[in-house]
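Working notes, structure below.
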Amino acid sequence: MRELNRLAKKKSEENAPKLTKLAFDNLTTILSSKAEDADSVSNLSSILKHLLPSILMSEGTSGATVPKHLLLVRQYALHFVKTLVAQEDQSFWDPIHAFLQHICTDVPEKAEFRTYGCRAVEEVYNCLPSSEHPRFVKFLERSSRNAKSAIRLFSIELSCLLLCSMEESQSVEAGPKPFMHILVCRASDKVATVRAKALASIAVIFQEALNNAPLAQRIKSTFTMQGASDKDKTDILSLLRRRMTDDKCNVRRSALQVLEIVEIIGHEAKSSTMFLSKKDLSIFKEACYDSAVSIRKQAIASLMELMNHFSSSSVLCAVFLDALLPMIMDVESSVQDKCVDAIQEFLLNRIAKNEDSAWLLLQNLDSNNLLYLQKICALLGKQKRFSKGLVHSLQNEMESPKHQYGCWLLLAEVASFSASAMDHKAVLKFWNSIKDSSADSMSVIQQKVLKVLECLAPRVSSSAAERLAQDLLNRLKTFKAPPALVQSFVQTLAQLEKCQESSEVGSWSAELLSLCDEALAAIVLPMASTVDLDATTGRPMDMDAIAADPDRIIRYLFTMGEISQTCPKSVPKRLVTVVQALISPVLSQDLKSAQQSVIGMPGVRAHAFLALGKLCLEDEPLAKKCIPAFARELETSDYPVVRNNIIIVMCDLCIKYTGVVDKYLPTLAVCLRDSNDVVRRQTLILLSRLLQESFVKWKGTMFYRFVVALVDPCKEIREFCKYCFTHLLATKNPLMFYTYFMETVFHLNDYKQHSVYNQFPQTEKDRSTFYLGGANNRDHRMSIYRIFLTNMTEEQKFQTTAKICQEVLGGIVDGHLPLSGINELLHDCFQILQSKEIKLKSSKKAVDDEDEEAAVAAAKEKILTKIVKKNVLENIVPIIIEMKHLLEKNHSPLIKDLMEYLIDMMKDYKDEIEDILVADKQLATELQYDLKQWALKKKQQLMSPMKNAKRNPLLSPVSASPRPEIANFSVPKIRTGLTPLPNPDNRRNSNLLSPFRQVNGSRLSLSTSPKSAQLDHVVVASPATLTPNGRRQWRVELQDSKALSFDDDPPVKEKPAKKSRTTKSKKVSVAKLR
């Protein structure tokens, strides 16, 4: 004590730790000496009450971090509490529990402070005897259902910490189940931050269980991972699948983390064959296309972690490639980087080590993902990230039948960046061994080998290059190679000619074009129709032989087109004229019938358009001359293959000659409503690419042509169009949906009476092609509106609501828009106004205010909600009332839509609307009466099918037994709340006080208690039905969506509705520290 006084007099920072330690030591001595004193418990409560701020470090802190001097005080205070617990004095347990409970409820709402609070509780909890654990666990369960989200959040962190540090000897009541139950329940909490924290805690526990066998055993006793129905266990996979559809990205990310660890634990334990299934792995694939960048990154990271554990799974390899490779096209560069790193780590680096898992990945590579792999390899090559070990490993396996396909796929991409590390002699040798193969499976390998030889052309000797070039030229002269190989032959020949100065194959292009000219001219020109062409030399042959082999003509056209792009100056002028003649549907009558049959084939004409398009790419005057012919043929052709090729040609020409093709874009857009699915899909893909690269703008009706594709009959096209709008085009113009919404509403309804909207010039044919007006297309239009509204911000939804009321409803009320011909437009406006997509989220559910961003968003939504309410009261309600009077005056059928919107508005703003109607009681009474009558009328319409079923026994659900008529069903008169009762004491009708009433000789059971006898708003009385035990039963529907059943037995009390576990909130009682 003397030392304490001495240090207290020296007020310096150096003596502060010693002073604090001595103070706590003296407190411990005092309490120990008075342990048997009656006042020791009250003294301990008082001491703990004053120590609570030191443990929580809540005094003197304003920032988010904890000062160091407070940590030292906390350490000594915590040591003092643990010393008291170690004495195991039973009189101390109540103050200690109260102390722990106050820590749980009073901890500051900051992450670091919560962490220190959890550690403090954990240290004291572990010092308590096991008999005292259940008492605190019960309190923790109650606090996990507290109304304050901060307390629920603390209970989650504490449960995770206690579970990970739990000893096997603990009692069942304080075992793992209560803690896991808390986490599982909070995973469905109403606050997103709490849900995300609960899932993240489950992920931490599962991660700890990978290296902790006792903890893993405790988890198995709590969870089932097989989808089996076990009342004592929770199906974790079902929980995670539900959470993956959560609207908050933090929750979805935490669910992904848990699912990743669950897959690892379940597969390693071999507890079920459901793990690594396509159903669960598809969740990771879908997450790769999530709108949130953090989710896409987490999905890639989870797939990489799964590949580290189960690289031998063929299903996982296929999903890994299908999900990961398209990410190279992501708009976020960081996602692209993760995709590139993953491919290098799991594919290229493992191939360099010759691991089987890498070759398994290549075997599962889909042709649809090959373009993505090529782009990734191009990025890696530019960054010089291809190792020599990769090239050597690929060359060692290029002749292996098992790895041959995947090996050459990668060699073709690596060769252009690592040619110096490759052995060109080995490649030439392999080409000579496969060049004569005609198998379809070898065609792709032959293309890749030729691409590698094209890259190695500078390193090939002159003699070897000449032999290779002559071999390729001879193969081209036969015109028997498929088009894909023809392209590779031409490109390799051109590269050999460029790299070998002494080459003698410089005239190869002119020679091949001359052969094509002679063969095609023999078909088109009458004077050349008798010339023959030998199959071995390539000379012109008999016309009948050409007519019998149209595929040969296609190869002529394709070869000519490829050569024209490589050597445009070598193309003869007559050949251009011949190709132009081939695209004509009708030639001179002098042609023979065989010639006409060949030229008229859709495949021949389609390839003729492609060939002419390639010529136009290298000749601008020719392009300006041919583009109008392309557009005309696109409108008149009856063959989908011709229209498809013309679309490809015109979109390619649009990139090089944008100004020339621009005026024909409406013709291209018409193909979005083509009768063929392939043509529509091709048009959508190509135009989306042009729009994304700004070669095409949203001019005229182009946007609204695209909008119609959102309701295409083909599901694949609908989904792709929606993806283009929401992920590709909306990123370039975030205001797109809001800017074009009102115009879209007018355009889809084909309403032209407005002075501003839908004033685009269009032909009658185009208008009818894209027409979506009328009652038959209401569902299609609403589908489009929902997509637009879903991608709007809250402010944009508010402004859209105001625009609809001002431009449409206000225009009708003011007389600017006539009522004639506006029914469908007005119907759409009412449906939009009462749709759930246009309503503000803040008016539908509670906001999350756990972090700073959420708090700002909540404040913003609160202000916006007030503005919306003010707008509804001051602008919308008066317009709706005027519109109601106008529609009633004109006996318009749209009164139905207006009343439905008015009822919907009364649900959201009932109090506010009643307040503004206080000044006009007459209007309020009329409006209330109209709403009541409309509700009754709607109920009567619902009753009509039941009456028809009564008249027709075959339509009745129970026709084997007699049933009372609905007209004979006595419904007691009841007070509706709108008019006063005639009796002065305001009692119920005396009929209701009778416990039983007779209906067709049957007795209806009614409770005699006043509470159950107050039956307000009875609107429907259903006919009697037979119960399974043969008794008759009646059902009365109430307006407040309740129902009562009457039968021949005594009444059964209706069970109260179960409260949702996620919204259950209890007030936690905390013991007082006096």
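In the structure tokens, the first chain shown is A, the next is B, and so on; residue numbers restart at 1 for each chain, and ligands run from 1 in the order shown.
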Residue contacts of Arg152 in chain A (9 Å, only C-alpha atoms) excluding same-chain residues fewer than 5 positions away, as a ChimeraX atom specification: /A:143-147,157,186,194
Based on the selection just made, write N, CA, C and O atoms of those residues as a PDB file, in the first residue's frame.
```
ATOM      1  N   SER A 143     -29.509 -13.356 -26.312  1.00  0.00           N
ATOM      2  CA  SER A 143     -28.935 -12.139 -26.901  1.00  0.00           C
ATOM      3  C   SER A 143     -28.816 -12.236 -28.415  1.00  0.00           C
ATOM      4  O   SER A 143     -28.810 -11.217 -29.105  1.00  0.00           O
ATOM      5  N   SER A 144     -28.721 -13.458 -28.952  1.00  0.00           N
ATOM      6  CA  SER A 144     -28.652 -13.605 -30.416  1.00  0.00           C
ATOM      7  C   SER A 144     -29.966 -13.246 -31.092  1.00  0.00           C
ATOM      8  O   SER A 144     -30.006 -13.088 -32.316  1.00  0.00           O
ATOM      9  N   ARG A 145     -31.043 -13.108 -30.290  1.00  0.00           N
ATOM     10  CA  ARG A 145     -32.340 -12.700 -30.837  1.00  0.00           C
ATOM     11  C   ARG A 145     -32.724 -11.299 -30.376  1.00  0.00           C
ATOM     12  O   ARG A 145     -33.894 -10.930 -30.442  1.00  0.00           O
ATOM     13  N   ASN A 146     -31.747 -10.537 -29.925  1.00  0.00           N
ATOM     14  CA  ASN A 146     -32.004  -9.181 -29.451  1.00  0.00           C
ATOM     15  C   ASN A 146     -32.448  -8.286 -30.591  1.00  0.00           C
ATOM     16  O   ASN A 146     -32.098  -8.507 -31.755  1.00  0.00           O
ATOM     17  N   ALA A 147     -33.203  -7.248 -30.266  1.00  0.00           N
ATOM     18  CA  ALA A 147     -33.699  -6.335 -31.296  1.00  0.00           C
ATOM     19  C   ALA A 147     -32.578  -5.532 -31.931  1.00  0.00           C
ATOM     20  O   ALA A 147     -32.683  -5.118 -33.089  1.00  0.00           O
ATOM     21  N   GLU A 157     -19.968 -13.406 -33.230  1.00  0.00           N
ATOM     22  CA  GLU A 157     -18.512 -13.475 -33.093  1.00  0.00           C
ATOM     23  C   GLU A 157     -18.116 -14.274 -31.858  1.00  0.00           C
ATOM     24  O   GLU A 157     -17.156 -15.060 -31.890  1.00  0.00           O
ATOM     25  N   ARG A 186     -28.850 -16.999 -37.326  1.00  0.00           N
ATOM     26  CA  ARG A 186     -28.472 -15.635 -37.742  1.00  0.00           C
ATOM     27  C   ARG A 186     -28.080 -15.580 -39.211  1.00  0.00           C
ATOM     28  O   ARG A 186     -28.014 -14.490 -39.785  1.00  0.00           O
ATOM     29  N   VAL A 194     -25.481  -8.928 -40.450  1.00  0.00           N
ATOM     30  CA  VAL A 194     -25.543 -10.049 -39.514  1.00  0.00           C
ATOM     31  C   VAL A 194     -25.519 -11.369 -40.272  1.00  0.00           C
ATOM     32  O   VAL A 194     -24.835 -12.319 -39.875  1.00  0.00           O
TER      33      VAL A 194
END
```
Give the helix (DSSP H, G or I) residues of range 319-404 of chain A, as DSSP finds them on the backbone, and put them as a ChimeraX atom specification. /A:319-329,333-352,356-363,367-382,388-396,404
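Note that the spacing between CA of Met782 in chain A and CA of Val331 in chain A amounts to 29.4 Å.
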Can you work out the spacing between CA of Arg689 in chain A and CA of Cys724 in chain A in Å, to one decimal?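 Value for the CA of Arg689 in chain A-CA of Cys724 in chain A distance: 9.4 Å.
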So how far away is CA of Val642 in chain A from CA of Gln580 in chain A, in Å?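 Result for CA of Gln580 in chain A versus CA of Val642 in chain A: 14.5 Å, one decimal.
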I want to know what sits within 12 Å of Ile554 in chain A, based on only C-alpha atoms, with residues of the same chain fewer than 3 positions away left out; could you give that as a PyMOL selection string? chain A and resi 479-483+486+516+519-520+546-547+549-551+557-561+579+582+598-599+601-611
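Within the 8 Å cut-off around Gln565 in chain A, using only C-alpha atoms and omitting residues fewer than 2 positions from it on the same chain, the listed residues are Gly561, Glu562, Ile563, Cys567, Pro568, Lys614, Leu615, Leu617 and Glu618 of chain A.
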Excluding Asp897 in chain A and residues on its chain fewer than 3 positions from it, collect all residues at most 9 Å away from it, counting only C-alpha atoms, and give them as an MDAnalysis selection string. chainID A and resid 826:827 830:831 893:894 900:902
Those same residues, written as a short mmCIF file (atom, residue, chain, number, x, y, z; two decimals), in the first residue's frame with C-alpha atoms?
```cif
data_model
loop_
_atom_site.label_atom_id
_atom_site.label_comp_id
_atom_site.auth_asym_id
_atom_site.auth_seq_id
_atom_site.Cartn_x
_atom_site.Cartn_y
_atom_site.Cartn_z
CA LEU A 826 -52.87 3.88 -70.20
CA HIS A 827 -53.20 0.27 -69.12
CA PHE A 830 -51.17 1.83 -64.45
CA GLN A 831 -49.49 -1.58 -64.44
CA PRO A 893 -63.05 0.20 -69.20
CA LEU A 894 -59.78 1.59 -67.85
CA GLU A 900 -56.47 -1.31 -58.81
CA TYR A 901 -53.72 1.30 -58.77
CA LEU A 902 -55.67 3.41 -56.29
#
```
Surrounding residues of range 684-687 of chain A excluding itself and chain neighbours under 2 positions, 8 Å, only C-alpha atoms, as a list in words: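 The residues satisfying every condition are Ile648, Cys651, Leu672, Arg680, Arg681, Gln682, Arg689, Leu690, Leu691, Val696, Phe706 and Cys721 of chain A.
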Keeping only C-alpha atoms, write the selected residues as a JSON list (two decimals), in the first residue's frame.
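Output below, filename out-v8.json:
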```
[["chain", "number", "residue", "atom", "x", "y", "z"],
["A", 648, "ILE", "CA", -21.72, -10.99, -91.49],
["A", 651, "CYS", "CA", -21.16, -5.83, -90.18],
["A", 672, "LEU", "CA", -33.69, -9.12, -85.28],
["A", 680, "ARG", "CA", -31.64, -13.46, -85.26],
["A", 681, "ARG", "CA", -28.88, -14.66, -82.97],
["A", 682, "GLN", "CA", -26.15, -13.74, -85.45],
["A", 689, "ARG", "CA", -20.30, -5.89, -80.89],
["A", 690, "LEU", "CA", -20.62, -2.84, -83.15],
["A", 691, "LEU", "CA", -22.54, -0.94, -80.46],
["A", 696, "VAL", "CA", -23.02, 1.98, -84.36],
["A", 706, "PHE", "CA", -33.04, -4.22, -79.79],
["A", 721, "CYS", "CA", -30.10, -9.91, -75.30]]
```
Please list as an mmCIF file with N, CA and C atoms, in the first residue's frame every residue within 8 Å of Leu428 in chain A, counting only C-alpha atoms and excluding residues in the same chain fewer than 4 positions away.
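File written: out_17.cif
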```
data_model
loop_
_atom_site.group_PDB
_atom_site.id
_atom_site.type_symbol
_atom_site.label_atom_id
_atom_site.label_comp_id
_atom_site.auth_asym_id
_atom_site.auth_seq_id
_atom_site.Cartn_x
_atom_site.Cartn_y
_atom_site.Cartn_z
ATOM 1 N N HIS A 424 11.967 -26.472 -85.192
ATOM 2 C CA HIS A 424 11.166 -26.444 -86.416
ATOM 3 C C HIS A 424 11.288 -27.750 -87.196
ATOM 4 N N ASN A 432 4.672 -33.789 -92.017
ATOM 5 C CA ASN A 432 4.770 -34.768 -93.095
ATOM 6 C C ASN A 432 4.085 -36.083 -92.735
ATOM 7 N N LEU A 453 3.884 -23.684 -88.097
ATOM 8 C CA LEU A 453 4.850 -23.534 -89.202
ATOM 9 C C LEU A 453 4.858 -22.100 -89.726
#
```
Top pick for closest residue to Ser311 in chain A, considering A:Asn791, A:Thr478, A:Ser357, A:Thr865 and counting only C-alpha atoms: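 Among A:Asn791, A:Thr478, A:Ser357, A:Thr865, it is A:Ser357 that comes nearest to Ser311 in chain A.
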Point out the residue among A:Met244, A:Ala318, A:Lys49, A:Leu840 with the least atom-to-atom distance to Leu303 in chain A, counting only C-alpha atoms.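 Checking each candidate against Leu303 in chain A, we get A:Ala318 as the closest.
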Nearest candidate to Glu263 in chain A (options A:Glu141, A:Leu240, A:Ala521, A:Pro640; using only C-alpha atoms):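 Answer, going by the shortest atom-to-atom distance: A:Leu240.
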Which is closer to His102 in chain A than all the others in A:Leu52, A:Pro67, A:Ile283, A:Leu140, using only C-alpha atoms? A:Leu52
